[in-house]
$ cat upload37.txt   # compact mmCIF, C-alpha atoms
# COMPACT_ATOMS: atom_id res chain seq x y z
CA MET P 1 71.35 -39.73 27.21
CA ALA P 2 74.42 -41.79 28.06
CA THR P 3 76.14 -40.90 31.30
CA SER P 4 79.92 -41.03 31.49
CA THR P 5 81.60 -42.84 34.35
CA SER P 6 85.10 -42.71 35.72
CA PHE P 7 85.20 -46.45 36.27
CA GLN P 8 88.15 -48.12 34.53
CA LYS P 9 89.07 -51.73 34.47
CA ARG P 10 92.14 -52.37 36.56
CA VAL P 11 94.76 -54.12 34.49
CA LYS P 12 97.73 -55.72 36.17
CA ALA P 13 100.96 -54.26 34.86
CA LYS P 14 103.35 -56.66 33.25
CA VAL P 15 106.56 -56.88 35.21
CA ARG P 16 109.69 -57.66 33.23
CA GLN P 17 111.89 -60.03 35.13
CA ILE P 18 115.61 -59.39 34.99
CA PRO P 19 117.50 -62.57 34.12
CA GLY P 20 119.20 -64.22 37.07
CA THR P 21 117.24 -62.30 39.73
CA LYS P 22 114.37 -62.91 42.12
CA PRO P 23 112.59 -60.89 44.84
CA SER P 24 113.43 -61.56 48.44
CA LEU P 25 110.83 -63.26 50.62
CA TYR P 26 111.80 -61.13 53.62
CA ASN P 27 111.99 -57.53 52.36
CA ASN P 28 111.03 -57.76 48.65
CA GLN P 29 114.55 -56.70 47.67
CA LEU P 30 115.86 -57.81 44.27
CA LEU P 31 118.44 -60.57 44.74
CA ILE P 32 121.12 -62.21 42.64
CA SER P 33 122.96 -65.44 43.34
CA THR P 34 126.56 -65.63 44.51
CA GLY P 35 127.06 -68.77 42.45
CA ILE P 36 127.14 -70.88 45.64
CA PRO P 37 123.60 -72.03 46.53
CA SER P 38 124.56 -72.91 50.09
CA LEU P 39 125.91 -69.39 50.62
CA ASP P 40 122.73 -67.89 49.17
CA THR P 41 120.72 -69.73 51.80
CA VAL P 42 122.91 -68.35 54.58
CA LEU P 43 122.52 -64.79 53.28
CA GLY P 44 118.73 -65.03 53.10
CA GLY P 45 118.33 -65.99 49.45
CA GLY P 46 121.19 -64.14 47.78
CA VAL P 47 122.89 -60.77 47.51
CA ALA P 48 120.68 -57.69 47.20
CA VAL P 49 121.07 -55.56 44.10
CA GLY P 50 122.67 -52.20 44.84
CA THR P 51 124.76 -53.44 47.77
CA LEU P 52 128.44 -53.95 48.50
CA LEU P 53 129.73 -57.39 49.52
CA LEU P 54 133.09 -57.54 51.31
CA VAL P 55 134.97 -60.83 51.68
CA GLU P 56 137.98 -60.78 53.99
CA GLU P 57 140.56 -63.04 52.39
CA ASP P 58 142.10 -66.04 54.03
CA LEU P 59 145.84 -66.10 54.68
CA TYR P 60 146.84 -67.65 51.35
CA GLY P 61 143.88 -66.40 49.31
CA THR P 62 143.06 -69.87 47.96
CA TYR P 63 139.42 -70.07 48.91
CA THR P 64 138.72 -66.43 48.16
CA GLN P 65 139.78 -67.01 44.56
CA VAL P 66 137.24 -69.85 44.35
CA MET P 67 134.43 -67.59 45.57
CA VAL P 68 135.41 -64.94 43.02
CA LYS P 69 135.27 -67.50 40.21
CA TYR P 70 131.85 -68.69 41.34
CA PHE P 71 130.52 -65.13 41.46
CA ALA P 72 131.89 -64.31 38.00
CA ALA P 73 130.73 -67.59 36.47
CA GLU P 74 127.18 -66.96 37.67
CA ALA P 75 127.17 -63.67 35.73
CA VAL P 76 128.10 -65.42 32.48
CA THR P 77 125.62 -68.26 32.99
CA SER P 78 122.74 -65.90 33.89
CA GLY P 79 123.44 -63.53 30.99
CA GLN P 80 124.46 -60.60 33.19
CA SER P 81 127.25 -58.10 32.61
CA LEU P 82 130.56 -58.56 34.37
CA CYS P 83 133.48 -56.31 35.27
CA VAL P 84 136.62 -57.90 36.77
CA VAL P 85 139.26 -55.66 38.38
CA SER P 86 142.51 -56.91 39.87
CA ALA P 87 145.94 -55.43 40.48
CA ASP P 88 147.64 -58.60 41.75
CA VAL P 89 146.40 -61.14 39.19
CA ASP P 90 145.67 -60.72 35.50
CA PRO P 91 141.86 -60.34 35.29
CA ASN P 92 141.81 -62.03 31.88
CA LYS P 93 143.29 -65.12 33.51
CA ILE P 94 140.50 -65.13 36.09
CA VAL P 95 137.89 -65.05 33.33
CA GLN P 96 139.59 -67.83 31.39
CA GLU P 97 139.55 -70.13 34.45
CA LEU P 98 135.84 -69.84 35.24
CA PRO P 99 134.27 -73.19 36.19
CA ALA P 100 131.79 -74.84 33.85
CA PRO P 101 128.14 -75.05 34.94
CA VAL P 102 126.60 -78.43 35.63
CA VAL P 103 124.10 -79.10 32.84
CA ASP P 104 120.85 -80.55 34.12
CA ASP P 105 118.58 -82.79 32.15
CA VAL P 106 116.07 -80.27 30.81
CA PRO P 107 112.92 -81.85 29.38
CA THR P 108 112.54 -81.22 25.69
CA SER P 109 109.66 -79.06 24.56
CA GLN P 110 106.78 -80.30 22.55
CA ALA P 111 108.13 -78.66 19.42
CA GLN P 112 111.35 -80.63 19.66
CA GLN P 113 109.60 -83.97 20.10
CA PRO P 114 109.22 -86.12 16.98
CA GLN P 115 105.91 -85.63 15.23
CA LEU P 116 103.67 -88.66 14.75
CA SER P 117 102.47 -89.54 11.31
CA LYS P 118 98.87 -89.10 10.35
CA GLY P 119 98.26 -92.82 10.20
CA SER P 120 99.68 -93.58 13.59
CA GLY P 121 96.38 -93.23 15.33
CA ASP P 122 97.36 -90.28 17.53
CA ALA P 123 93.79 -88.97 17.48
CA ASP P 124 92.56 -92.06 19.27
CA GLU P 125 95.09 -91.63 22.03
CA LYS P 126 93.87 -88.13 23.00
CA LEU P 127 91.66 -87.81 26.03
CA ALA P 128 88.05 -87.14 25.23
CA ILE P 129 87.67 -84.75 28.16
CA ALA P 130 90.21 -82.32 26.70
CA TRP P 131 88.65 -81.92 23.23
CA ARG P 132 87.68 -78.28 23.87
CA TYR P 133 91.27 -77.32 24.75
CA GLN P 134 92.88 -78.64 21.56
CA HIS P 135 92.85 -75.33 19.70
CA GLN P 136 93.80 -73.15 22.68
CA PRO P 137 97.28 -71.50 22.55
CA LYS P 138 99.90 -73.17 24.70
CA VAL P 139 101.05 -70.79 27.44
CA GLN P 140 104.14 -71.42 29.56
CA SER P 141 104.11 -69.71 32.92
CA ALA P 142 107.90 -69.49 33.19
CA PRO P 143 110.62 -70.27 30.67
CA VAL P 144 112.58 -73.42 31.23
CA THR P 145 115.93 -71.67 30.99
CA SER P 146 115.16 -69.06 33.67
CA ARG P 147 116.79 -70.21 36.88
CA PHE P 148 118.20 -68.60 39.99
CA GLY P 149 121.58 -69.98 40.95
CA HIS P 150 123.55 -72.75 39.28
CA TYR P 151 125.97 -75.47 40.26
CA TYR P 152 129.49 -75.58 38.86
CA ASP P 153 132.18 -78.18 38.38
CA LEU P 154 135.61 -76.95 39.41
CA THR P 155 137.34 -79.69 37.41
CA LYS P 156 136.01 -78.28 34.12
CA ILE P 157 136.52 -74.89 32.49
CA MET P 158 133.70 -72.91 30.93
CA ASP P 159 133.43 -72.99 27.16
CA GLU P 160 135.34 -70.18 25.44
CA SER P 161 132.47 -69.43 23.07
CA LYS P 162 130.18 -68.78 26.03
CA ILE P 163 132.71 -66.47 27.64
CA SER P 164 133.35 -64.53 24.43
CA SER P 165 129.62 -63.97 23.87
CA ALA P 166 129.15 -62.46 27.36
CA GLN P 167 129.58 -58.80 28.25
CA ILE P 168 132.83 -58.88 30.20
CA GLN P 169 135.25 -56.04 30.88
CA CYS P 170 138.64 -56.61 32.53
CA LEU P 171 140.63 -53.87 34.23
CA SER P 172 144.20 -54.43 35.35
CA TYR P 173 146.67 -52.27 37.22
CA LYS P 174 147.98 -50.84 33.95
CA ASP P 175 144.52 -49.71 32.87
CA LEU P 176 144.04 -47.82 36.12
CA ARG P 177 147.46 -46.21 35.81
CA ILE P 178 146.67 -45.01 32.28
CA LEU P 179 143.49 -43.35 33.48
CA GLU P 180 145.39 -41.78 36.36
CA GLU P 181 147.96 -40.27 33.98
CA THR P 182 145.36 -38.90 31.56
CA LYS P 183 143.05 -37.42 34.22
CA PRO P 184 145.03 -36.98 37.42
CA ASN P 185 142.73 -34.41 39.01
CA SER P 186 139.40 -35.76 37.79
CA CYS P 187 138.36 -37.26 41.13
CA THR P 188 139.04 -35.70 44.50
CA SER P 189 136.89 -37.95 46.72
CA THR P 190 139.92 -40.05 47.69
CA THR P 191 143.61 -39.32 48.08
CA ASN P 192 144.85 -42.59 46.57
CA PRO P 193 145.07 -42.14 42.76
CA CYS P 194 144.48 -45.86 42.10
CA TYR P 195 141.28 -45.79 44.14
CA ALA P 196 140.18 -42.65 42.30
CA SER P 197 140.73 -44.33 38.92
CA LEU P 198 138.80 -47.40 40.02
CA LEU P 199 135.83 -45.39 41.23
CA GLN P 200 135.73 -43.35 38.03
CA ARG P 201 135.83 -46.44 35.80
CA ILE P 202 132.96 -48.04 37.70
CA GLN P 203 130.85 -44.89 37.54
CA LYS P 204 131.57 -44.57 33.83
CA GLN P 205 130.53 -48.13 33.09
CA ILE P 206 127.29 -47.73 35.05
CA SER P 207 126.50 -44.55 33.14
CA GLU P 208 127.36 -45.86 29.66
CA GLY P 209 125.65 -49.21 30.22
CA ASN P 210 122.40 -47.57 31.42
CA TYR P 211 122.47 -49.47 34.71
CA GLY P 212 121.22 -46.50 36.71
CA THR P 213 117.83 -46.69 38.41
CA ALA P 214 116.76 -43.33 36.95
CA VAL P 215 117.28 -44.51 33.36
CA LYS P 216 114.30 -46.15 31.66
CA ASN P 217 115.37 -49.31 29.93
CA ASP P 218 113.10 -52.00 28.49
CA HIS P 219 115.83 -54.63 28.58
CA ARG P 220 117.11 -54.15 32.09
CA ASN P 221 120.17 -56.09 33.21
CA VAL P 222 122.41 -56.32 36.28
CA LEU P 223 126.10 -55.43 36.39
CA ARG P 224 128.38 -57.59 38.54
CA ILE P 225 131.64 -55.98 39.67
CA VAL P 226 134.49 -58.02 41.09
CA VAL P 227 137.45 -56.24 42.70
CA GLN P 228 140.09 -58.75 43.78
CA GLY P 229 142.77 -58.00 46.37
CA LEU P 230 141.74 -54.42 47.14
CA GLY P 231 143.97 -52.82 49.77
CA SER P 232 147.12 -54.79 48.94
CA GLY P 233 150.52 -53.26 48.23
CA MET P 234 149.84 -53.16 44.49
CA TRP P 235 147.10 -50.61 45.11
CA GLY P 236 149.52 -48.28 46.88
CA GLU P 237 148.19 -49.20 50.32
CA ASN P 238 150.52 -49.17 53.30
CA GLY P 239 148.38 -50.79 55.95
CA GLY P 240 146.19 -47.72 56.37
CA ALA P 241 149.07 -45.21 56.59
CA HIS P 242 150.95 -42.98 54.15
CA TYR P 243 154.35 -44.10 52.95
CA ARG P 244 155.99 -40.76 53.67
CA THR P 245 154.25 -39.28 56.67
CA GLU P 246 153.15 -42.60 58.27
CA GLU P 247 149.87 -40.90 59.19
CA ARG P 248 146.52 -42.61 58.93
CA ASP P 249 145.24 -42.79 55.36
CA ALA P 250 141.46 -42.86 54.93
CA SER P 251 141.56 -43.50 51.17
CA LEU P 252 140.12 -46.99 51.47
CA HIS P 253 137.26 -45.78 53.65
CA ARG P 254 136.43 -42.98 51.25
CA LEU P 255 136.43 -45.40 48.34
CA LEU P 256 134.04 -47.79 50.07
CA LEU P 257 131.72 -44.95 51.04
CA ALA P 258 131.63 -43.51 47.50
CA LEU P 259 131.26 -46.93 45.91
CA ARG P 260 128.40 -47.85 48.20
CA ALA P 261 126.58 -44.62 47.34
CA THR P 262 127.10 -45.31 43.63
CA LEU P 263 125.67 -48.81 43.89
CA ARG P 264 122.56 -47.55 45.66
CA THR P 265 121.45 -45.77 42.47
CA ALA P 266 122.23 -48.58 40.04
CA PHE P 267 121.31 -52.15 39.18
CA ALA P 268 124.74 -53.38 40.16
CA VAL P 269 126.41 -55.51 42.82
CA CYS P 270 130.05 -55.29 43.80
CA LEU P 271 132.13 -58.07 45.38
CA ILE P 272 135.37 -56.87 46.98
CA THR P 273 138.05 -59.09 48.50
CA VAL P 274 140.41 -57.40 50.95
CA PRO P 275 143.40 -58.96 52.77
CA MET P 276 142.44 -57.61 56.17
CA TYR P 277 145.31 -59.42 57.87
CA LEU P 278 147.62 -56.72 56.43
CA PHE P 279 145.99 -54.03 58.58
CA GLN P 280 147.18 -54.02 62.19
CA ASP P 281 144.80 -51.33 63.46
CA PRO P 282 141.50 -52.88 64.65
CA ALA P 283 139.73 -49.52 64.42
CA PHE P 284 140.72 -49.22 60.75
CA VAL P 285 139.31 -52.67 60.00
CA TRP P 286 136.13 -52.02 61.99
CA ARG P 287 135.43 -48.80 60.09
CA ALA P 288 135.98 -50.48 56.72
CA GLU P 289 133.55 -53.26 57.65
CA ARG P 290 130.84 -50.80 58.68
CA LEU P 291 131.04 -49.05 55.30
CA CYS P 292 129.91 -52.24 53.52
CA ASP P 293 126.54 -54.00 53.50
CA THR P 294 127.59 -57.64 53.84
CA VAL P 295 130.91 -58.72 55.35
CA LEU P 296 132.22 -62.29 55.34
CA ARG P 297 135.52 -63.54 56.72
CA LEU P 298 137.22 -66.76 55.66
CA GLU P 299 139.41 -68.51 58.21
CA SER P 300 141.41 -71.25 56.54
CA PHE P 301 142.83 -74.21 58.44
CA ALA P 302 145.90 -74.31 56.18
CA GLY P 303 149.04 -73.50 58.14
CA SER P 304 147.28 -73.46 61.52
CA ASP P 305 146.94 -75.87 64.42
CA LYS P 306 143.38 -76.72 63.37
CA GLU P 307 144.66 -78.35 60.20
CA LYS P 308 145.91 -81.36 62.18
CA ASN P 309 142.99 -81.39 64.60
CA PRO P 310 140.80 -84.46 63.92
CA ALA P 311 137.72 -82.48 64.91
CA PHE P 312 138.05 -80.32 61.77
CA ARG P 313 139.20 -82.98 59.34
CA ASP P 314 135.96 -82.81 57.34
CA TYR P 315 136.22 -79.04 56.69
CA SER P 316 138.62 -76.65 54.99
CA GLY P 317 137.97 -73.61 57.18
CA LEU P 318 135.44 -71.49 59.04
CA LEU P 319 133.06 -68.89 57.65
CA HIS P 320 132.40 -65.90 59.92
CA LEU P 321 129.37 -63.67 59.30
CA VAL P 322 130.78 -60.35 60.40
CA GLN P 323 127.87 -58.25 59.14
CA LEU P 324 124.57 -58.93 57.38
CA PRO P 325 122.59 -56.31 55.44
CA CYS P 326 119.57 -54.60 56.94
CA LEU P 327 117.50 -53.34 53.99
CA ASN P 328 113.86 -52.24 54.21
CA GLU P 329 113.54 -53.92 57.61
CA LEU P 330 114.34 -53.31 61.25
CA LEU P 331 116.48 -56.40 61.77
CA PRO P 332 118.65 -58.30 59.30
CA HIS P 333 117.99 -61.86 58.30
CA MET P 334 119.62 -64.32 60.68
CA PRO P 335 120.44 -67.88 59.62
CA ASP P 336 119.63 -70.91 61.73
CA THR P 337 123.16 -71.05 63.13
CA LEU P 338 126.30 -68.94 63.09
CA ASP P 339 128.63 -71.93 63.38
CA LEU P 340 129.43 -72.26 59.69
CA ALA P 341 132.30 -73.90 57.86
CA PHE P 342 133.28 -74.28 54.22
CA ARG P 343 134.51 -77.35 52.43
CA LEU P 344 136.46 -77.48 49.19
CA ARG P 345 136.39 -80.74 47.35
CA ARG P 346 137.64 -81.67 43.93
CA LYS P 347 134.51 -80.52 42.12
CA LYS P 348 132.66 -78.10 44.37
CA PHE P 349 132.83 -75.55 47.17
CA THR P 350 130.06 -75.63 49.77
CA ILE P 351 129.03 -73.88 52.99
CA GLU P 352 127.88 -76.24 55.75
CA LYS P 353 126.95 -76.24 59.40
CA LEU P 354 129.84 -76.99 61.69
CA HIS P 355 129.20 -80.36 63.34
CA MET P 356 131.73 -81.37 65.97
CA PRO P 357 132.29 -85.11 66.50
CA PRO P 358 131.58 -86.58 69.94
CA GLU P 359 134.55 -86.69 72.27
CA LEU P 360 134.67 -90.47 72.64
CA SER P 361 137.65 -92.74 72.43
CA GLU P 362 137.56 -95.64 70.01
CA THR P 363 138.46 -98.19 72.72
CA VAL P 364 136.51 -96.78 75.65
CA SER P 365 132.75 -97.14 75.85
CA ARG P 366 130.35 -94.57 77.18
CA ASP P 367 129.76 -96.45 80.48
CA GLN P 368 133.46 -96.63 81.28
CA GLU P 369 134.31 -93.05 80.27
CA ASP P 370 131.38 -91.19 81.80
CA PRO P 371 129.99 -93.24 84.68
CA VAL P 372 126.88 -92.14 86.52
CA PRO P 373 127.68 -91.36 90.17
CA SER P 374 125.73 -93.39 92.74
CA LEU P 375 123.49 -91.66 95.23
CA ARG P 376 124.77 -91.66 98.77
CA PRO P 377 122.37 -92.18 101.65
CA THR P 378 121.41 -88.94 103.30
CA ALA P 379 120.57 -88.43 106.93
CA GLY P 380 117.25 -86.97 107.88
CA CYS P 381 113.71 -87.75 106.87
CA GLY P 382 113.23 -90.85 104.81
CA THR P 383 115.19 -94.07 104.67
CA GLY P 384 118.20 -95.01 102.60
CA SER P 385 118.72 -93.12 99.35
CA SER P 386 115.11 -92.17 98.75
CA LYS P 387 114.42 -88.57 97.85
CA LEU P 388 112.70 -86.28 100.28
CA ASP P 389 109.01 -85.82 99.59
CA PHE P 390 107.39 -82.80 101.16
$ encode --input "upload37.txt" --output "structure tokens"
Amino acid sequence: MATSTSFQKRVKAKVRQIPGTKPSLYNNQLLISTGIPSLDTVLGGGVAVGTLLLVEEDLYGTYTQVMVKYFAAEAVTSGQSLCVVSADVDPNKIVQELPAPVVDDVPTSQAQQPQLSKGSGDADEKLAIAWRYQHQPKVQSAPVTSRFGHYYDLTKIMDESKISSAQIQCLSYKDLRILEETKPNSCTSTTNPCYASLLQRIQKQISEGNYGTAVKNDHRNVLRIVVQGLGSGMWGENGGAHYRTEERDASLHRLLLALRATLRTAFAVCLITVPMYLFQDPAFVWRAERLCDTVLRLESFAGSDKEKNPAFRDYSGLLHLVQLPCLNELLPHMPDTLDLAFRLRRKKFTIEKLHMPPELSETVSRDQEDPVPSLRPTAGCGTGSSKLDF
């Protein structure tokens, strides 16, 4: 009589990898690239999925636009969905000016290599030790095209055919105004109607695209959201105060809080650029920063005294890490140094460690500029300038 057993062979479940993502080595959080590999290293590998990234714009907004283009270009190159929102600049223009990725020399597969003729003697060239593996199926551990993070050339524009084949949605100020006029009372979480329209459009796209974590989807993908110039005058913002009553307006804070809660339940990442120099209240800025996961501030040397300082001639500005995310861990990831600077060259934008040059004159040597003082003879035990030995 056969006895039944409850023993079952444990089979490892097959995990489907989302394109353009990788797990974090620190907290096992799913990460995506910002499009700038040097910035990914500073942030601990990349930006965590389901988080809100805030970039405080520089004075002229030049370098912030470059970071936005890198972030959007990485979505197209990785095959991820993209949503670009801007009230100051035409979002279609931002998409049309995305930089082209740098194409690496990928080795051709065996199927693409030219086949040898039967009389070429290819059988003699095979190793005799591998005769038993000739009829085994060829298995590739990872596809060649799967890669986390890419490099881009700012002097070239991405191919239009590649942009048209990607899932990109652009929202301008007019699109938000149309939604506000059709459904004026649809969202009451914020008092600013433009912020309410923006939040509703993002929630609608997450729902219709099945980006929610509760939805079962075999072909899972990540949605990248870019909101450029949030909090400017085009959004109806008056420096944190109402136009009529001049009282404090918490619309921006409510939007960030609701948007952060929405991203927590979705495979989406949102990059927001805010001109914080327009807000004069430090408490208003501090509260907005605490409602985001990652906060970066760009300090450009253009128009400042540091632009003519020879100590900063190799850099374009400073990068300040205002806040780093703390997800599934007690302490956030800390980079090797907090003295960071960014450099914009003709073809690329990089984040580097700030190295100050030595304060030496070109005509004065070290011995003449910083002489070593001689030891004077001291009275007491011992003779001359010898040290006391007890």
$ closest_residue --input "upload37.txt" --among "P:Arg287, P:Lys306, P:Lys348, P:His320" --to "Pro101 in chain P" --atoms "only C-alpha atoms"
P:Lys348
$ closest_residue --input "upload37.txt" --among "P:Leu199, P:Ala48, P:Cys170, P:Leu230" --to "Asn328 in chain P" --atoms "all atoms listed in the file"
P:Ala48
$ atom_distance --input "upload37.txt" --atom1 "CA of Gln29 in chain P" --atom2 "CA of Asp293 in chain P"
13.6 Å
$ closest_residue --input "upload37.txt" --among "P:Leu344, P:Leu298, P:Ala268, P:Val102" --to "Val322 in chain P" --atoms "all atoms listed in the file"
P:Leu298
$ closest_residue --input "upload37.txt" --among "P:Thr337, P:Gln80, P:Thr155, P:Ser86" --to "Leu198 in chain P" --atoms "only C-alpha atoms"
P:Ser86
$ closest_residue --input "upload37.txt" --among "P:Leu327, P:Gln203, P:Pro193, P:Gly317" --to "Leu31 in chain P" --atoms "all atoms listed in the file"
P:Leu327
$ closest_residue --input "upload37.txt" --among "P:Thr34, P:Ser300, P:Asn238, P:Ser172" --to "Ser197 in chain P" --atoms "all atoms listed in the file"
P:Ser172
$ residues_around --input "upload37.txt" --residues "Thr350 in chain P" --least-positions-apart "6" --cutoff "8 Å" --atoms "all atoms listed in the file" --output "MDAnalysis selection string"
chainID P and resid 36 38:39 342:344
$ atom_distance --input "upload37.txt" --atom1 "CA of Ser78 in chain P" --atom2 "CA of Asp153 in chain P"
16.1 Å
$ residues_around --input "upload37.txt" --residues "range 89-93 of chain P" --least-positions-apart "2" --cutoff "10 Å" --atoms "all atoms listed in the file" --output "list of chain:residue names"
P:Cys83, P:Val84, P:Val85, P:Ser86, P:Ala87, P:Val95, P:Gln96, P:Glu97, P:Leu98, P:Ile168, P:Gln169, P:Cys170, P:Leu171, P:Ser172, P:Tyr173, P:Val226, P:Val227, P:Gln228, P:Gly229
$ residues_around --input "upload37.txt" --residues "range 308-315 of chain P" --least-positions-apart "3" --cutoff "9 Å" --atoms "all atoms listed in the file" --output "NGL selection string"
:P and (301 or 304-305 or 318 or 341-344 or 352 or 354-358)
